[in-house]
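Engineer: Input upload_22.txt, format and content: compact mmCIF, C-alpha atoms.
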# COMPACT_ATOMS: atom_id res chain seq x y z
CA MET A 1 16.08 12.27 42.08
CA PRO A 2 14.87 15.46 40.32
CA HIS A 3 12.83 14.64 37.25
CA VAL A 4 10.30 15.81 34.68
CA PHE A 5 7.01 13.93 34.98
CA ILE A 6 5.49 13.13 31.57
CA SER A 7 1.79 12.43 31.08
CA TYR A 8 0.51 10.91 27.86
CA ALA A 9 -2.16 8.69 26.35
CA HIS A 10 -1.42 5.07 25.47
CA GLU A 11 -1.88 5.81 21.76
CA ASP A 12 0.89 8.44 21.87
CA LYS A 13 3.87 6.27 22.79
CA SER A 14 5.80 7.33 19.67
CA ARG A 15 5.40 11.00 20.65
CA LEU A 16 6.35 10.13 24.24
CA LYS A 17 9.63 8.64 23.00
CA ARG A 18 10.41 11.81 21.06
CA VAL A 19 9.75 14.03 24.07
CA VAL A 20 11.80 11.80 26.37
CA ARG A 21 14.72 11.74 23.93
CA VAL A 22 14.76 15.54 23.63
CA LEU A 23 14.69 16.06 27.40
CA GLU A 24 17.22 13.37 28.29
CA ASP A 25 19.62 14.49 25.54
CA ALA A 26 19.52 17.88 27.27
CA GLY A 27 20.51 16.27 30.58
CA MET A 28 17.11 16.20 32.28
CA GLU A 29 15.84 13.09 34.04
CA THR A 30 12.34 11.97 33.10
CA TRP A 31 9.67 9.78 34.67
CA TYR A 32 6.63 8.28 32.96
CA ASP A 33 4.50 5.23 33.55
CA GLU A 34 5.36 2.65 30.91
CA GLU A 35 2.60 0.26 31.96
CA ILE A 36 -0.51 2.38 32.17
CA ARG A 37 -2.74 0.69 34.70
CA VAL A 38 -5.67 1.76 36.83
CA GLY A 39 -6.67 1.58 40.46
CA GLU A 40 -4.10 1.65 43.23
CA ARG A 41 -1.22 2.47 40.88
CA LEU A 42 -2.32 6.11 40.88
CA THR A 43 -1.69 6.56 44.60
CA GLU A 44 1.14 4.03 44.97
CA ALA A 45 3.35 5.03 42.04
CA ILE A 46 2.10 7.85 39.88
CA PHE A 47 0.89 10.52 42.30
CA PRO A 48 4.08 10.44 44.41
CA GLN A 49 6.21 10.80 41.26
CA LEU A 50 4.06 13.65 39.98
CA ARG A 51 4.13 15.45 43.31
CA SER A 52 7.92 15.15 43.70
CA SER A 53 8.71 16.25 40.14
CA ARG A 54 10.34 19.57 39.28
CA CYS A 55 7.66 20.05 36.63
CA ALA A 56 5.18 18.08 34.52
CA VAL A 57 4.95 17.87 30.73
CA PHE A 58 1.53 16.95 29.38
CA ILE A 59 1.44 15.66 25.82
CA LEU A 60 -1.83 16.90 24.34
CA THR A 61 -3.27 15.07 21.36
CA LYS A 62 -6.72 14.12 20.15
CA TYR A 63 -6.31 10.99 22.28
CA SER A 64 -5.00 12.46 25.53
CA VAL A 65 -7.65 15.19 25.81
CA LYS A 66 -10.23 12.39 25.93
CA SER A 67 -8.24 10.29 28.41
CA ASP A 68 -9.65 10.09 31.94
CA TRP A 69 -6.16 9.05 33.03
CA VAL A 70 -4.53 12.24 31.70
CA ARG A 71 -7.37 14.36 33.09
CA THR A 72 -6.82 12.86 36.53
CA GLU A 73 -3.09 13.56 36.39
CA ILE A 74 -3.47 17.15 35.23
CA GLN A 75 -6.11 17.72 37.91
CA TYR A 76 -3.64 16.42 40.53
CA ALA A 77 -0.88 18.65 39.14
CA PHE A 78 -3.08 21.74 39.36
CA ASP A 79 -4.24 20.83 42.87
CA HIS A 80 -0.65 20.49 44.07
CA ALA A 81 0.63 23.52 42.13
CA THR A 82 3.12 21.44 40.13
CA PRO A 83 4.56 23.64 37.34
CA ILE A 84 3.16 22.52 33.99
CA VAL A 85 4.23 22.65 30.35
CA LEU A 86 1.61 21.66 27.76
CA ILE A 87 2.96 20.43 24.45
CA SER A 88 0.32 19.79 21.79
CA PHE A 89 0.75 17.79 18.61
CA GLY A 90 -1.50 18.64 15.70
CA ASN A 91 -4.58 20.81 15.70
CA VAL A 92 -5.84 19.85 19.16
CA SER A 93 -9.10 21.24 20.42
CA VAL A 94 -9.09 21.16 24.21
CA PRO A 95 -12.56 20.50 25.67
CA ASP A 96 -14.16 23.26 27.75
CA ASP A 97 -14.37 20.93 30.73
CA PHE A 98 -10.67 20.06 30.63
CA PRO A 99 -9.13 20.49 34.13
CA GLY A 100 -7.45 23.73 35.03
CA ASP A 101 -7.13 27.13 33.40
CA VAL A 102 -5.36 25.89 30.29
CA ASP A 103 -5.29 29.38 28.75
CA ASP A 104 -2.99 30.57 31.56
CA THR A 105 -0.66 27.58 31.23
CA LEU A 106 2.34 27.57 28.91
CA ARG A 107 1.40 25.69 25.75
CA ILE A 108 3.73 24.91 22.86
CA ALA A 109 2.10 23.77 19.61
CA ILE A 110 4.01 21.25 17.47
CA ASN A 111 2.95 20.55 13.89
CA ARG A 112 4.66 17.22 13.32
CA ASN A 113 8.18 16.89 14.67
CA LEU A 114 9.74 18.28 17.83
CA SER A 115 12.63 20.08 16.18
CA GLY A 116 14.01 23.47 15.24
CA ARG A 117 12.64 26.57 16.94
CA LYS A 118 9.83 24.66 18.68
CA LYS A 119 12.33 22.23 20.19
CA ILE A 120 14.39 25.10 21.57
CA GLU A 121 11.26 26.80 22.94
CA PHE A 122 10.17 23.57 24.62
CA LEU A 123 13.61 22.92 26.11
CA GLU A 124 14.01 26.46 27.42
CA ALA A 125 10.59 26.42 29.08
CA THR A 126 11.15 23.03 30.68
CA ARG A 127 14.74 23.81 31.71
CA ARG A 128 13.63 26.94 33.60
CA LEU A 129 11.26 24.84 35.70
CA TYR A 130 13.60 21.86 36.02
CA ASP A 131 16.56 23.89 37.26
CA HIS A 132 14.55 25.74 39.87
CA ARG A 133 14.94 23.77 43.08
CA LYS A 134 11.96 23.66 45.41
CA ALA A 135 12.58 24.77 48.98
CA PRO A 136 12.24 22.11 51.66
CA VAL A 137 9.06 22.44 53.71
CA ILE A 138 9.98 21.58 57.30
CA THR A 139 7.31 21.06 59.94
CA MET A 140 8.56 21.43 63.51
CA LEU A 141 6.72 18.75 65.49
CA ASN A 142 6.99 16.45 68.47
CA LEU A 143 3.75 15.06 69.89
CA LYS A 144 5.18 15.74 73.33
CA GLY A 145 4.78 19.40 74.31
CA GLY A 146 7.33 21.42 76.25
CA VAL A 147 10.33 20.42 74.13
CA GLY A 148 11.22 23.99 73.18
CA LYS A 149 9.87 23.67 69.66
CA THR A 150 8.76 27.26 69.05
CA VAL A 151 11.83 29.01 70.49
CA LEU A 152 14.08 26.62 68.58
CA THR A 153 12.14 27.31 65.37
CA ALA A 154 12.74 31.05 65.68
CA ASN A 155 16.41 30.69 66.62
CA LEU A 156 17.36 27.93 64.20
CA PHE A 157 15.77 29.44 61.11
CA GLY A 158 16.79 32.94 62.15
CA CYS A 159 20.34 31.63 62.35
CA ILE A 160 20.00 29.93 58.94
CA HIS A 161 18.82 33.22 57.46
CA GLU A 162 21.64 35.31 58.89
CA THR A 163 24.59 32.93 58.80
CA GLU A 164 23.72 30.94 55.66
CA ARG A 165 22.21 33.96 53.87
CA LYS A 166 19.03 32.09 52.95
CA SER A 167 15.48 33.33 52.45
CA VAL A 168 13.09 31.88 55.02
CA LEU A 169 9.30 31.83 55.33
CA LEU A 170 7.90 30.98 58.76
CA ILE A 171 4.27 29.83 58.91
CA ASP A 172 2.53 29.79 62.30
CA LEU A 173 -0.21 27.12 62.18
CA ASP A 174 -0.48 26.73 65.95
CA PRO A 175 -3.76 28.09 67.39
CA GLN A 176 -1.74 29.31 70.40
CA HIS A 177 0.37 31.31 67.87
CA ASN A 178 3.36 31.39 70.23
CA LEU A 179 5.79 31.85 67.34
CA THR A 180 3.92 35.01 66.35
CA GLN A 181 3.98 36.30 69.93
CA LEU A 182 7.69 35.51 70.12
CA LEU A 183 8.61 37.39 66.94
CA LEU A 184 6.22 40.33 67.03
CA SER A 185 5.63 42.90 69.72
CA GLU A 186 2.05 43.15 70.93
CA ASN A 187 1.59 46.38 69.00
CA ASP A 188 2.98 44.92 65.77
CA MET A 189 0.87 41.79 66.23
CA MET A 190 -2.30 43.86 66.62
CA LYS A 191 -1.40 45.84 63.49
CA ALA A 192 -0.92 42.61 61.55
CA PHE A 193 -4.24 41.20 62.75
CA GLY A 194 -5.99 44.48 61.95
CA ALA A 195 -4.70 44.24 58.38
CA SER A 196 -5.74 40.55 58.14
CA LYS A 197 -2.08 39.53 57.88
CA ASN A 198 -2.42 36.05 59.34
CA ILE A 199 -2.94 32.44 58.36
CA MET A 200 -6.72 32.79 58.18
CA SER A 201 -6.35 34.96 55.09
CA ILE A 202 -5.03 31.96 53.15
CA PHE A 203 -7.97 29.78 54.14
CA ARG A 204 -10.49 32.48 53.34
CA GLY A 205 -8.80 33.51 50.11
CA PHE A 206 -8.67 36.95 48.59
CA GLY A 207 -11.43 38.21 46.37
CA ASP A 208 -12.49 36.27 43.31
CA LEU A 209 -9.62 33.82 42.90
CA SER A 210 -9.91 31.23 40.17
CA GLU A 211 -10.14 27.56 41.05
CA TYR A 212 -6.54 27.21 39.90
CA PRO A 213 -4.79 30.44 41.00
CA SER A 214 -2.08 31.81 38.74
CA ASP A 215 1.36 32.74 40.07
CA SER A 216 0.39 36.41 39.99
CA GLN A 217 -2.67 35.71 42.18
CA LEU A 218 -0.61 33.60 44.59
CA LYS A 219 2.01 36.34 44.73
CA ARG A 220 -0.64 38.86 45.76
CA MET A 221 -1.90 36.41 48.38
CA LEU A 222 1.61 36.05 49.82
CA GLU A 223 2.22 39.79 49.89
CA LYS A 224 -1.07 40.39 51.69
CA CYS A 225 -0.48 37.97 54.55
CA ILE A 226 3.26 38.13 55.35
CA VAL A 227 4.96 40.32 57.92
CA PRO A 228 8.62 40.96 56.98
CA LEU A 229 10.81 40.34 60.02
CA LYS A 230 13.78 42.18 58.60
CA SER A 231 14.29 45.16 56.33
CA VAL A 232 16.16 44.01 53.22
CA LYS A 233 17.14 45.48 49.89
CA PRO A 234 15.78 44.00 46.66
CA LEU A 235 17.28 40.57 45.81
CA GLU A 236 18.71 40.15 49.33
CA PRO A 237 17.69 37.08 51.38
CA ARG A 238 14.59 37.80 53.43
CA ILE A 239 12.88 36.33 56.45
CA ASP A 240 9.09 36.63 56.64
CA LEU A 241 6.34 35.45 58.96
CA ILE A 242 2.77 34.46 58.25
CA PRO A 243 1.30 35.12 61.71
CA GLY A 244 -0.87 32.59 63.45
CA THR A 245 -4.13 33.31 65.21
CA PHE A 246 -6.34 31.56 67.73
CA GLU A 247 -9.13 31.85 65.19
CA VAL A 248 -7.95 28.71 63.36
CA ILE A 249 -9.29 26.71 66.32
CA THR A 250 -12.73 27.10 64.77
CA TYR A 251 -11.79 24.67 62.02
CA PHE A 252 -11.55 21.72 64.39
CA LEU A 253 -13.57 22.80 67.41
CA GLY A 254 -16.32 24.84 65.78
CA GLU A 255 -19.49 23.88 63.99
CA GLN A 256 -19.30 20.92 61.64
CA HIS A 257 -19.82 23.08 58.54
CA GLN A 258 -16.73 25.13 59.43
CA ARG A 259 -14.38 22.18 59.30
CA PHE A 260 -12.79 21.05 56.08
CA GLU A 261 -11.45 17.78 54.73
CA ARG A 262 -8.81 16.68 52.24
CA ASN A 263 -9.42 18.03 48.74
CA SER A 264 -11.79 20.69 50.05
CA GLU A 265 -11.23 24.19 48.64
CA ARG A 266 -9.36 25.40 51.72
CA TRP A 267 -7.09 22.34 51.81
CA VAL A 268 -6.27 22.58 48.10
CA ARG A 269 -5.78 26.36 48.30
CA PHE A 270 -3.23 25.92 51.12
CA ARG A 271 -1.30 23.27 49.15
CA GLN A 272 -1.21 25.52 46.09
CA PHE A 273 -0.03 28.43 48.19
CA VAL A 274 2.79 26.48 49.87
CA ALA A 275 3.89 25.06 46.51
CA TYR A 276 4.21 28.62 45.23
CA CYS A 277 6.20 29.62 48.34
CA GLU A 278 8.59 26.71 47.72
CA ARG A 279 9.68 28.57 44.58
CA GLN A 280 10.11 31.93 46.32
CA TYR A 281 12.14 30.98 49.42
CA ASP A 282 15.07 28.72 50.29
CA TYR A 283 13.21 27.33 53.34
CA VAL A 284 9.59 27.09 54.41
CA ALA A 285 9.21 26.23 58.11
CA ILE A 286 5.86 25.47 59.73
CA ASP A 287 5.23 25.61 63.48
CA VAL A 288 2.28 23.49 64.66
CA ASN A 289 0.80 22.50 68.01
CA PRO A 290 1.94 19.18 69.54
CA GLY A 291 -1.27 17.31 68.81
CA ALA A 292 -3.09 15.32 66.13
CA THR A 293 -5.21 18.22 64.89
CA LEU A 294 -6.43 19.36 61.51
CA MET A 295 -3.65 21.96 61.32
CA THR A 296 -1.04 19.29 62.06
CA GLU A 297 -2.40 17.05 59.33
CA LEU A 298 -2.51 19.97 56.90
CA ALA A 299 1.13 20.86 57.63
CA LEU A 300 2.26 17.26 57.17
CA SER A 301 0.43 17.02 53.85
CA VAL A 302 2.77 19.65 52.34
CA SER A 303 5.98 18.74 54.20
CA SER A 304 9.16 17.30 52.79
CA HIS A 305 10.71 17.02 56.28
CA VAL A 306 9.71 16.88 59.93
CA LEU A 307 12.19 18.16 62.50
CA SER A 308 11.43 17.02 66.05
CA PRO A 309 13.14 18.72 69.02
CA VAL A 310 13.77 16.17 71.77
CA ARG A 311 14.40 16.96 75.40
CA PRO A 312 16.50 14.36 77.25
CA ASP A 313 13.48 12.75 78.90
CA ARG A 314 11.39 9.63 78.26
CA PHE A 315 8.19 11.42 77.30
CA ALA A 316 9.91 13.36 74.51
CA THR A 317 11.14 10.17 72.85
CA TYR A 318 7.70 8.62 73.25
CA GLY A 319 6.35 11.64 71.37
CA LEU A 320 8.47 10.53 68.41
CA SER A 321 6.88 7.07 68.37
CA LEU A 322 3.44 8.67 68.45
CA LEU A 323 4.50 10.81 65.51
CA ASP A 324 5.25 7.63 63.55
CA LEU A 325 1.68 6.48 64.11
CA LEU A 326 0.29 9.88 63.16
CA LEU A 327 2.26 10.01 59.91
CA SER A 328 1.02 6.58 58.88
CA LYS A 329 -2.58 7.70 59.37
CA VAL A 330 -2.67 11.22 57.95
CA SER A 331 -0.03 11.48 55.24
CA GLU A 332 -0.82 10.58 51.65
CA ASP A 333 2.77 9.48 51.21
CA ALA A 334 4.46 9.26 54.61
CA SER A 335 7.54 7.54 53.15
CA LYS A 336 8.37 10.75 51.25
CA ILE A 337 8.62 12.77 54.48
CA ARG A 338 12.14 12.63 55.88
CA ARG A 339 12.22 12.40 59.66
CA LEU A 340 14.87 14.37 61.56
CA ALA A 341 15.37 14.97 65.29
CA ILE A 342 17.59 17.29 67.29
CA MET A 343 18.48 17.07 70.98
CA ASN A 344 17.37 20.31 72.64
CA GLY A 345 18.02 21.58 76.14
CA VAL A 346 20.94 19.21 76.71
CA GLN A 347 22.67 19.51 80.09
CA GLY A 348 26.47 19.31 80.09
CA ASN A 349 28.67 17.51 77.59
CA GLU A 350 27.80 13.94 78.58
CA ARG A 351 25.12 12.17 76.57
CA SER A 352 22.10 11.14 78.60
CA ASP A 353 20.79 7.56 78.46
CA ILE A 354 17.84 8.89 76.46
CA GLU A 355 20.10 10.44 73.82
CA VAL A 356 22.30 7.33 73.61
CA GLU A 357 19.23 5.14 73.11
CA LEU A 358 17.77 7.44 70.45
CA ARG A 359 21.03 7.61 68.49
CA SER A 360 21.46 3.85 68.74
CA SER A 361 17.99 3.29 67.32
CA ALA A 362 18.70 5.73 64.48
CA SER A 363 22.00 4.05 63.58
CA ASN A 364 20.27 0.66 63.48
CA GLY A 365 17.82 1.64 60.78
CA GLY A 366 15.29 3.63 62.79
CA ALA A 367 12.87 5.96 61.03
CA VAL A 368 14.41 9.09 62.56
CA GLU A 369 17.80 10.61 61.74
CA VAL A 370 19.33 12.43 64.72
CA LEU A 371 21.41 15.51 64.01
CA ASP A 372 24.94 15.39 65.41
CA ALA A 373 24.55 18.99 66.58
CA THR A 374 22.83 19.47 69.93
CA ILE A 375 21.35 22.55 71.56
CA PRO A 376 22.44 23.03 75.18
CA PHE A 377 20.19 24.30 77.92
CA SER A 378 20.56 28.07 78.07
CA LYS A 379 18.68 30.91 79.69
CA LEU A 380 19.20 32.72 76.40
CA MET A 381 16.73 30.26 74.83
CA ILE A 382 13.93 31.15 77.24
CA ALA A 383 11.18 33.13 75.51
CA GLY A 384 11.06 36.77 76.51
CA PRO A 385 9.00 39.73 75.33
CA ALA A 386 9.41 40.62 71.67
CA LYS A 387 11.28 43.84 71.06
CA PRO A 388 13.15 45.45 68.17
CA ASN A 389 16.77 44.38 67.90
CA ALA A 390 19.73 46.73 67.46
CA SER A 391 18.86 47.14 63.78
CA GLY A 392 15.30 48.13 64.56
CA ASP A 393 13.81 45.02 62.94
CA MET A 394 10.76 43.39 64.49
CA THR A 395 12.44 40.09 65.26
CA PHE A 396 13.16 39.56 68.93
CA ASP A 397 16.78 39.44 70.07
CA LEU A 398 17.57 35.87 69.11
CA ALA A 399 19.80 33.76 71.31
CA TYR A 400 22.60 33.57 68.77
CA ARG A 401 22.75 37.37 68.75
CA LYS A 402 22.78 37.69 72.54
CA SER A 403 25.76 35.40 72.82
CA ARG A 404 28.52 37.31 71.05
CA GLY A 405 31.89 35.99 70.00
CA SER A 406 32.39 32.33 70.84
CA GLY A 407 29.40 31.80 73.12
CA PRO A 408 28.38 28.12 73.33
CA ILE A 409 24.74 28.65 72.31
CA GLN A 410 25.84 30.65 69.29
CA LYS A 411 28.30 27.95 68.22
CA ARG A 412 25.73 25.16 68.65
CA LEU A 413 23.01 27.00 66.74
CA ARG A 414 25.37 27.69 63.88
CA ALA A 415 26.46 24.05 63.81
CA ALA A 416 22.82 22.91 63.80
CA ALA A 417 21.94 25.39 61.05
CA LEU A 418 24.79 24.15 58.86
CA GLU A 419 23.98 20.49 59.47
CA LEU A 420 20.28 20.98 58.77
CA SER A 421 21.14 22.76 55.50
CA GLU A 422 23.22 19.74 54.48
CA LYS A 423 20.51 17.26 55.50
CA VAL A 424 17.79 18.95 53.45
CA GLY A 425 20.09 19.68 50.52
CA VAL A 426 20.12 23.48 50.59
Transcribe the structure of this file into C-alpha cells.

Structural biologist:
Amino acid sequence: MPHVFISYAHEDKSRLKRVVRVLEDAGMETWYDEEIRVGERLTEAIFPQLRSSRCAVFILTKYSVKSDWVRTEIQYAFDHATPIVLISFGNVSVPDDFPGDVDDTLRIAINRNLSGRKKIEFLEATRRLYDHRKAPVITMLNLKGGVGKTVLTANLFGCIHETERKSVLLIDLDPQHNLTQLLLSENDMMKAFGASKNIMSIFRGFGDLSEYPSDSQLKRMLEKCIVPLKSVKPLEPRIDLIPGTFEVITYFLGEQHQRFERNSERWVRFRQFVAYCERQYDYVAIDVNPGATLMTELALSVSSHVLSPVRPDRFATYGLSLLDLLLSKVSEDASKIRRLAIMNGVQGNERSDIEVELRSSASNGGAVEVLDATIPFSKLMIAGPAKPNASGDMTFDLAYRKSRGSGPIQKRLRAAALELSEKVGV
C-alpha cells in the first residue's frame, strides 16, 4: 500500500494528529509508529515501512531535533534516498550535526497551525512525491547458470520498452558483463569504457559529492555512466544501459581493503543512485552473475522483485531453492522482495514434469510465482555479435524483431512482457 511515512517525537503527538488529518483528508495514506519502542522494532517494523514509502514527512520541533529516534530515521531515509519533506513547528534551530544536508531538503515552517497557505504548500509538496510511483527494480537471477538469463533480460525488457512504450534502465552488475557484450559492439563497448561509462563509475563516485547527494548530483552521475541504446526525442520512452566491466571482480576477489560491506560509502552510494533511477524510469533491471557474490547481494538489497528464468531441468529448479536460502541470509527484508519465475527454453507445447512440479508448488503457497507466459526454445534467442539494427541504434537485433508478423517467439515475448508489467504493477 502506498503511504507517507511520518516521523515525530513522542512529545509531538498533537502535531502528528494534525499532520495525519491533513494528509488523509487529501486522500493520502499515512504510516507512523503509534507505540514508539526501541531495539528490534526499528528493523522489524519501522525501517521496512520507511523504505517502502512514497515519501517521508519529518515533524521538526525542539523535541524531535534532540530525539535519537528521529535522527536514526532521517539517517535511514537519506541513506536509502527516500524523498523527504521537513515540516517545522515554531522557531526550530536544527543542530549542526543533524543527519543529512538539511539546507538542500524541502522545509516548510509552520508558526502554530497547519492551515491556509502553509497547508496548501505542504500538501502540494507531499502530493508531488506521493503521486510519483517508483519503478520496480527487478534483479534477473537463478543460482543455476546456463538458464538464458542475460539473453532473456535483453529481449524481455527490450520488448517491454518497444511494445509497452516504457522507459527502461539496464544495469550490468555481472563481472563477465555479458549483457554489455550482447548490446554493444566491441567498438562501442571500448568507447564506453574509455569514457568511464560503466558500473565502476558509480562505486568510485564523481568528484566531490556530498555525503547525501542531491538530485542534481545524482542526475549528473546517471548521465555520465549510461549508454543510450536507442535514439529518442525528448519526453519519449528511452532504454539505457549502464555497462558492466570485469573490474568489479576486484571488490570480492581483490585485497581486503578493496572490498566493502553494508552501510559502507560505496554500498550507500549505490542505493541512493538506484533510488534516484526509480524516479526516472518505468523499470530498472539488474543482470547479475549466478552466484552468491557481493554484487548479487548488492543487487538484492535494492530489489523489489527477482525474476528467475528456469530451464526445464532439475538443476534449474534447484537453483531456485538455493535462491531462497540466499535471500534469507543477505536481504535486510527478504519478505518485501517478490519472487517471480518464467519458464525459458521450453520445447514444444507439452509441459515438462519439471514445469508441472514448479507450477504445482507455486499454486500451493510456494514462495515463487510462475508466469503463465513461457519462452520457447528458439535459435533466435542465441546470443550473436552485437550490431546496429535497421534504425542504426546500438542495440543488437533482438529476437522479437527478427521474427516478424506472427512468429512464435515474438508472440511469447510480448505475452511475457505484458504479464510481467501486470505482475509488477506498471

Engineer: Go through A:Asp287, A:Glu350, A:Glu355, A:Glu261 one by one, measure the shortest atom-to-atom distance of each to Ala316 in chain A using all atoms listed in the file, and give the residue with the smallest value.

Structural biologist: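 Ranking A:Asp287, A:Glu350, A:Glu355, A:Glu261 by distance to Ala316 in chain A, first place goes to A:Glu355.
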
Engineer: State, in Å with one decimal place, the distance from CA of Pro83 in chain A to CA of Arg54 in chain A.

Structural biologist: 7.3 Å

Engineer: Can you measure CA of Val274 in chain A to CA of Gly366 in chain A for me? One decimal in Å is fine.

Structural biologist: 29.1 Å

Engineer: May I ask for the distance between CA of Ile84 in chain A and CA of Glu29 in chain A, given in Å to one decimal place?

Structural biologist: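 It comes out at 15.8 Å.
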
Engineer: Residues within 10 Å of (0.8, 19.3, 23.4), file coordinates, counting only C-alpha atoms: what are they? Give the list as a PyMOL selection string.

Structural biologist: chain A and resi 8+15+57-62+64-65+85-92+107-111

Engineer: Tyr32 in chain A: which residues within 8 Å, counting only C-alpha atoms, same-chain residues fewer than 2 positions away excluded, as a VMD selection string?

Structural biologist: chain A and resid 5 to 7 30 34

Engineer: Counting only C-alpha atoms, figure out which residue out of A:Phe260, A:Phe122, A:Trp69, A:Tyr76 gets nearest to Val19 in chain A.

Structural biologist: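 For Val19 in chain A, the nearest of the given residues is A:Phe122.
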
Engineer: Could you check which residues have any atom within 10 Å of (10.3, 31.8, 51.3), counting only C-alpha atoms with coordinates taken straight from the file, and then list them as a list in words?

Structural biologist: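 Residues lying no farther than 10 Å from the given point: Ala135, Pro136, Val137, Lys166, Ser167, Val168, Leu169, Leu170, Ile171, Leu222, Pro237, Arg238, Ile239, Asp240, Leu241, Val274, Tyr276, Cys277, Glu278, Arg279, Gln280, Tyr281, Asp282, Tyr283, Val284 and Ala285 of chain A.
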
Engineer: So which one's closest to Asp68 in chain A, A:Arg262, A:Cys55, A:Lys119, A:His10? Using all atoms listed in the file, please.

Structural biologist: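 The answer is A:His10, which sits nearest to Asp68 in chain A.
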
Engineer: Which residue is closest to Val4 in chain A? Choose from A:Thr139, A:Ala81, A:Tyr130, A:Gly116 and count all atoms listed in the file.

Structural biologist: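 Going through A:Thr139, A:Ala81, A:Tyr130, A:Gly116 one by one, the smallest distance to Val4 in chain A is for A:Tyr130.
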
Engineer: Find the spatial neighbours of Ser378 in chain A, counting only C-alpha atoms, within a cut-off of 8 Å - ignore same-chain residues fewer than 4 positions away - and output them as a VMD selection string.

Structural biologist: chain A and resid 345 382 409

Engineer: Would you mind telling me which residue in A:Thr72, A:Ser14, A:Asn289, A:Ser216 lies nearest to Asp174 in chain A when using only C-alpha atoms?

Structural biologist: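 Closest to Asp174 in chain A of all the choices is A:Asn289.
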
Engineer: Neighbours of range 145-160 of chain A within 8 Å (all atoms listed in the file; same-chain residues fewer than 4 positions away dropped), as JSON, numbers by chain?

Structural biologist: {"A": [140, 141, 164, 165, 166, 168, 178, 179, 182, 183, 239, 285, 287, 290, 308, 309, 310, 311, 316, 344, 345, 381, 382, 383, 398, 399, 400, 413, 414, 416, 417, 418]}

Engineer: Of the candidates A:Glu124, A:Glu73, A:Asp79, A:Glu44, which shows the shortest atom-to-atom distance to Val22 in chain A, using only C-alpha atoms?

Structural biologist: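 Of A:Glu124, A:Glu73, A:Asp79, A:Glu44, the one nearest Val22 in chain A is A:Glu124, counting only C-alpha atoms.
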